[in-house]
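Q: The structure is given below, and queries will be raised subsequently.
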Amino acid sequence: REVSLEEGLCLLCCGASPPVAVGIPTAPSNNRREKRAVSAWNFNQTGFSASQISHKSSIMSNVVVPLDRPSNYKDSQSKVDRATQENALAKSATLYVGNLSFYTTEEQIYELFSKCASPEEGGGVKRVIMGLDRHTRTPCGFCFVEYYTHAEALACLRYISGTKLDERIVRCDLDLGYKEGRQFGRGKSGGQVRDEHRQDYDAGRGGWGAQAQRAQEEQRRRDREEVYADARDGPDAVAGGGGDWKQSE
């Protein structure tokens with residue numbers, strides 16, 4: 001039986017026999033790509049060699065990214081080089097947790113991240129440090145979670161990062177370690193930088209972004225000034241009161 005291009009590609013990528021459609025013959029084709037796929041299928045009837053199977057496995061291992069691999073993010077205020085950072089992360093038991101709701105509590109975070117703790121092996125959640133607005137000292141959407149072991153932190157990357165807490169997808173990443181002062185937002189308005197530039201409305205993170213809020217307030221101020229200007233200069237103008245009195249002095 002000749003097979004289609006899709007069946008041949010399924011074989012090349014997965015190393016498994018494609019499903020056979022009973023009673024539906026495949027029409028022969030003069031297309032070179034289909035012929036190569038058919039050749040690969042026919043060769044599979046006698047079996048792939050060990051080296052070919054190993055080669056395909058190595059290709060697939062490069063395609064699938066491990067869930068516990070830390071990101072390439074580098075703190076702009078960190079003074080360590082990339083190699084030193086990678087060595088430190090390989091032993092780190094601290095997580096940075098982002099994309100939290102401003103209303104998520106420390107108790108909720110502790111409860112969720114305790115699911116990856118291993119107290120029977122001497123581990124557990126050491127402490128949770130909530131991220132705070134630099135000016136108001138209120139939660140601003142991130143935190144640090146410290147464990148006793150590196151294995152527990154890796155388990156969180158596998159099983160908690162990408163899941164929902166308070167209807168938000170939380171993001172976890174290995175961190176070099178908490179230092180006093182890192183709990184405060186670095187944005188101009190006191191919160192996180194991402195909320196400084198955000199243009200969308202996010203009810204879980206204070207509504208509009210800081211810059212968008214300032215732009216809206218400025219627009220409202222201009223609208224009020226135009227209304228008052230019309231009231232002063234129109235045919236039925238009203239006396240300005242104290243302001244006119246001060247100018248006449």
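Scheme for the structure tokens: letters A, B, ... for chains in order shown; per-chain residue numbers from 1; ligand numbers from 1 in order shown.
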Quick one: residues within 12 Å of Arg69 of chain A, only C-alpha atoms counted, chain neighbours fewer than 4 positions away excluded, as JSON, numbers by chain?

A: {"A": [64, 65, 73, 86, 89, 90, 153, 154, 155, 156, 157, 158, 161, 172, 173, 174]}

Q: List every residue of segment 133-206 of chain A that DSSP, applied to the backbone of this structure, assigns to helix (DSSP H, G or I), and report them as a PyMOL selection string.

A: chain A and resi 150-159+193-197+203-205

Q: Mind dumping the selected residues with all heavy atoms as a compact mmCIF listing (two decimals), in the first residue's frame?

A:
```
# COMPACT_ATOMS: atom_id res chain seq x y z
N HIS A 150 16.64 22.92 46.67
CA HIS A 150 16.58 23.26 45.25
C HIS A 150 15.56 22.38 44.52
O HIS A 150 14.88 22.86 43.60
CB HIS A 150 17.97 23.06 44.64
CG HIS A 150 18.05 23.29 43.16
ND1 HIS A 150 17.81 24.51 42.58
CD2 HIS A 150 18.31 22.42 42.14
CE1 HIS A 150 17.94 24.42 41.26
NE2 HIS A 150 18.24 23.16 40.97
N ALA A 151 15.43 21.13 44.94
CA ALA A 151 14.50 20.20 44.28
C ALA A 151 13.06 20.70 44.39
O ALA A 151 12.27 20.55 43.46
CB ALA A 151 14.63 18.81 44.88
N GLU A 152 12.70 21.31 45.52
CA GLU A 152 11.35 21.82 45.69
C GLU A 152 11.08 22.98 44.74
O GLU A 152 9.99 23.10 44.18
CB GLU A 152 11.14 22.28 47.14
CG GLU A 152 11.17 21.14 48.14
CD GLU A 152 11.20 21.64 49.57
OE1 GLU A 152 12.04 22.51 49.89
OE2 GLU A 152 10.39 21.18 50.38
N ALA A 153 12.08 23.84 44.56
CA ALA A 153 11.92 24.97 43.63
C ALA A 153 11.73 24.46 42.20
O ALA A 153 10.90 24.98 41.45
CB ALA A 153 13.13 25.89 43.71
N LEU A 154 12.48 23.43 41.82
CA LEU A 154 12.32 22.86 40.48
C LEU A 154 10.94 22.22 40.32
O LEU A 154 10.34 22.30 39.24
CB LEU A 154 13.40 21.79 40.22
CG LEU A 154 14.84 22.29 40.05
CD1 LEU A 154 15.76 21.13 39.76
CD2 LEU A 154 14.93 23.33 38.94
N ALA A 155 10.43 21.61 41.37
CA ALA A 155 9.10 21.00 41.30
C ALA A 155 8.04 22.06 41.02
O ALA A 155 7.07 21.81 40.30
CB ALA A 155 8.79 20.27 42.60
N CYS A 156 8.22 23.26 41.56
CA CYS A 156 7.27 24.35 41.30
C CYS A 156 7.31 24.78 39.84
O CYS A 156 6.27 25.11 39.25
CB CYS A 156 7.58 25.55 42.19
SG CYS A 156 7.07 25.32 43.88
N LEU A 157 8.50 24.79 39.24
CA LEU A 157 8.59 25.14 37.82
C LEU A 157 7.82 24.12 36.99
O LEU A 157 7.20 24.48 35.99
CB LEU A 157 10.06 25.18 37.38
CG LEU A 157 10.94 26.27 37.99
CD1 LEU A 157 12.32 26.22 37.35
CD2 LEU A 157 10.33 27.64 37.83
N ARG A 158 7.85 22.86 37.40
CA ARG A 158 7.18 21.81 36.63
C ARG A 158 5.67 21.84 36.82
O ARG A 158 4.91 21.71 35.86
CB ARG A 158 7.69 20.42 37.04
CG ARG A 158 9.16 20.17 36.76
CD ARG A 158 9.49 18.70 36.98
NE ARG A 158 10.92 18.47 37.03
CZ ARG A 158 11.61 18.27 38.15
NH1 ARG A 158 10.99 18.27 39.31
NH2 ARG A 158 12.91 18.07 38.11
N TYR A 159 5.23 22.01 38.07
CA TYR A 159 3.83 21.74 38.40
C TYR A 159 2.98 22.96 38.74
O TYR A 159 1.75 22.87 38.70
CB TYR A 159 3.77 20.75 39.57
CG TYR A 159 4.53 19.48 39.32
CD1 TYR A 159 5.58 19.10 40.15
CD2 TYR A 159 4.22 18.67 38.23
CE1 TYR A 159 6.30 17.93 39.91
CE2 TYR A 159 4.93 17.49 37.98
CZ TYR A 159 5.96 17.13 38.83
OH TYR A 159 6.66 15.97 38.57
N VAL A 193 7.26 47.75 36.68
CA VAL A 193 7.50 48.46 35.42
C VAL A 193 6.46 48.05 34.38
O VAL A 193 5.99 48.88 33.60
CB VAL A 193 8.93 48.18 34.91
CG1 VAL A 193 9.14 48.80 33.54
CG2 VAL A 193 9.95 48.72 35.90
N ARG A 194 6.06 46.78 34.37
CA ARG A 194 5.09 46.31 33.37
C ARG A 194 3.76 47.03 33.51
O ARG A 194 3.07 47.27 32.53
CB ARG A 194 4.88 44.80 33.48
CG ARG A 194 4.41 44.31 34.83
CD ARG A 194 3.94 42.88 34.82
NE ARG A 194 2.68 42.73 34.13
CZ ARG A 194 1.95 41.63 34.15
NH1 ARG A 194 2.37 40.57 34.82
NH2 ARG A 194 0.81 41.56 33.50
N ASP A 195 3.39 47.39 34.74
CA ASP A 195 2.13 48.11 34.95
C ASP A 195 2.29 49.60 34.68
O ASP A 195 1.30 50.31 34.55
CB ASP A 195 1.64 47.89 36.38
CG ASP A 195 1.19 46.46 36.63
OD1 ASP A 195 0.41 45.95 35.81
OD2 ASP A 195 1.64 45.85 37.62
N GLU A 196 3.52 50.05 34.60
CA GLU A 196 3.77 51.44 34.25
C GLU A 196 3.41 51.70 32.79
O GLU A 196 2.84 52.74 32.45
CB GLU A 196 5.24 51.77 34.49
CG GLU A 196 5.59 53.23 34.39
CD GLU A 196 5.12 54.01 35.60
OE1 GLU A 196 4.98 53.43 36.69
OE2 GLU A 196 4.87 55.22 35.44
N HIS A 197 3.72 50.75 31.92
CA HIS A 197 3.55 50.94 30.48
C HIS A 197 2.32 50.22 29.91
O HIS A 197 2.03 50.37 28.73
CB HIS A 197 4.80 50.43 29.75
CG HIS A 197 6.07 51.10 30.20
ND1 HIS A 197 6.39 52.39 29.86
CD2 HIS A 197 7.08 50.65 30.99
CE1 HIS A 197 7.55 52.71 30.41
NE2 HIS A 197 7.99 51.67 31.10
N ALA A 203 -8.45 44.40 35.75
CA ALA A 203 -9.10 44.61 37.04
C ALA A 203 -8.29 44.02 38.18
O ALA A 203 -8.32 44.53 39.31
CB ALA A 203 -10.50 44.01 37.03
N GLY A 204 -7.55 42.94 37.92
CA GLY A 204 -6.76 42.29 38.96
C GLY A 204 -5.47 43.00 39.28
O GLY A 204 -4.79 42.67 40.26
N ARG A 205 -5.11 44.01 38.45
CA ARG A 205 -3.85 44.71 38.68
C ARG A 205 -4.06 46.23 38.68
O ARG A 205 -3.29 46.99 38.12
CB ARG A 205 -2.82 44.31 37.62
CG ARG A 205 -2.42 42.84 37.71
CD ARG A 205 -1.34 42.50 36.71
NE ARG A 205 -0.06 43.12 37.03
CZ ARG A 205 0.87 42.56 37.79
NH1 ARG A 205 0.65 41.37 38.34
NH2 ARG A 205 2.01 43.17 38.02
```

Q: Hey, what's within 8 Å of segment 175-189 of chain A if we count only C-alpha atoms and toss same-chain stuff fewer than 3 positions away? As number ranges by chain, please?

A: A: 85, 88-89, 92-96, 129-135, 140, 143-144, 192-196, 210

Q: Find the spatial neighbours of Ala117 of chain A, counting only C-alpha atoms, within a cut-off of 8 Å - ignore same-chain residues fewer than 5 positions away - and output them as a PyMOL selection string.

A: chain A and resi 123-125+147+152

Q: How about saving the chosen residues, N, CA, C and O atoms kept, as a PDB file, in the first residue's frame?

A:
```pdb
ATOM      1  N   GLY A 123      12.462  19.568  53.884  1.00  0.00           N
ATOM      2  CA  GLY A 123      12.165  20.762  53.102  1.00  0.00           C
ATOM      3  C   GLY A 123      10.945  21.488  53.609  1.00  0.00           C
ATOM      4  O   GLY A 123      10.538  21.347  54.763  1.00  0.00           O
ATOM      5  N   GLY A 124      10.350  22.294  52.719  1.00  0.00           N
ATOM      6  CA  GLY A 124       9.173  23.077  53.060  1.00  0.00           C
ATOM      7  C   GLY A 124       9.322  24.516  52.621  1.00  0.00           C
ATOM      8  O   GLY A 124      10.400  24.944  52.177  1.00  0.00           O
ATOM      9  N   VAL A 125       8.256  25.269  52.722  1.00  0.00           N
ATOM     10  CA  VAL A 125       8.301  26.696  52.394  1.00  0.00           C
ATOM     11  C   VAL A 125       8.949  27.442  53.565  1.00  0.00           C
ATOM     12  O   VAL A 125       8.428  27.433  54.676  1.00  0.00           O
ATOM     13  N   TYR A 147      12.289  28.193  49.475  1.00  0.00           N
ATOM     14  CA  TYR A 147      12.216  26.815  49.961  1.00  0.00           C
ATOM     15  C   TYR A 147      13.517  26.471  50.692  1.00  0.00           C
ATOM     16  O   TYR A 147      14.481  27.242  50.687  1.00  0.00           O
ATOM     17  N   GLU A 152      12.704  21.310  45.520  1.00  0.00           N
ATOM     18  CA  GLU A 152      11.348  21.823  45.695  1.00  0.00           C
ATOM     19  C   GLU A 152      11.077  22.981  44.742  1.00  0.00           C
ATOM     20  O   GLU A 152       9.986  23.105  44.177  1.00  0.00           O
TER      21      GLU A 152
END
```

Q: At a cut-off of 12 Å, using only C-alpha atoms, what residues contact Glu111 of chain A? Leave out same-chain residues fewer than 4 positions from it and give the result as a PyMOL selection string.

A: chain A and resi 104-107+115-117+124-125+127-128+145+160+165

Q: Can I get the selection written as a CSV table (one decimal), in the first residue's frame, with N, CA and C atoms?

A:
```csv
chain,number,residue,atom,x,y,z
A,104,THR,N,-4.4,38.9,45.7
A,104,THR,CA,-4.0,37.6,46.2
A,104,THR,C,-3.2,37.7,47.5
A,105,THR,N,-3.5,36.9,48.5
A,105,THR,CA,-2.9,37.1,49.8
A,105,THR,C,-1.7,36.2,50.0
A,106,GLU,N,-0.9,36.5,51.0
A,106,GLU,CA,0.2,35.7,51.3
A,106,GLU,C,-0.2,34.2,51.7
A,107,GLU,N,-1.4,34.1,52.4
A,107,GLU,CA,-1.9,32.8,52.8
A,107,GLU,C,-2.2,31.9,51.6
A,115,LYS,N,2.2,22.7,48.2
A,115,LYS,CA,1.9,21.5,47.6
A,115,LYS,C,3.2,20.8,46.9
A,116,CYS,N,4.2,21.6,46.7
A,116,CYS,CA,5.5,21.1,46.1
A,116,CYS,C,6.5,21.0,47.2
A,117,ALA,N,6.2,21.2,48.5
A,117,ALA,CA,7.1,21.1,49.6
A,117,ALA,C,7.3,19.6,50.0
A,124,GLY,N,10.3,22.3,52.7
A,124,GLY,CA,9.2,23.1,53.1
A,124,GLY,C,9.3,24.5,52.6
A,125,VAL,N,8.3,25.3,52.7
A,125,VAL,CA,8.3,26.7,52.4
A,125,VAL,C,8.9,27.4,53.6
A,127,ARG,N,9.8,30.9,53.6
A,127,ARG,CA,9.0,32.1,53.8
A,127,ARG,C,8.5,32.6,52.4
A,128,VAL,N,7.5,33.5,52.5
A,128,VAL,CA,7.0,34.2,51.3
A,128,VAL,C,7.1,35.7,51.5
A,145,VAL,N,9.2,33.3,46.8
A,145,VAL,CA,9.0,32.1,47.6
A,145,VAL,C,10.3,31.4,47.9
A,160,ILE,N,3.6,24.1,39.1
A,160,ILE,CA,2.8,25.3,39.5
A,160,ILE,C,2.9,26.4,38.4
A,165,LEU,N,-4.1,30.9,39.7
A,165,LEU,CA,-4.3,31.3,41.1
A,165,LEU,C,-5.1,32.6,41.0
```
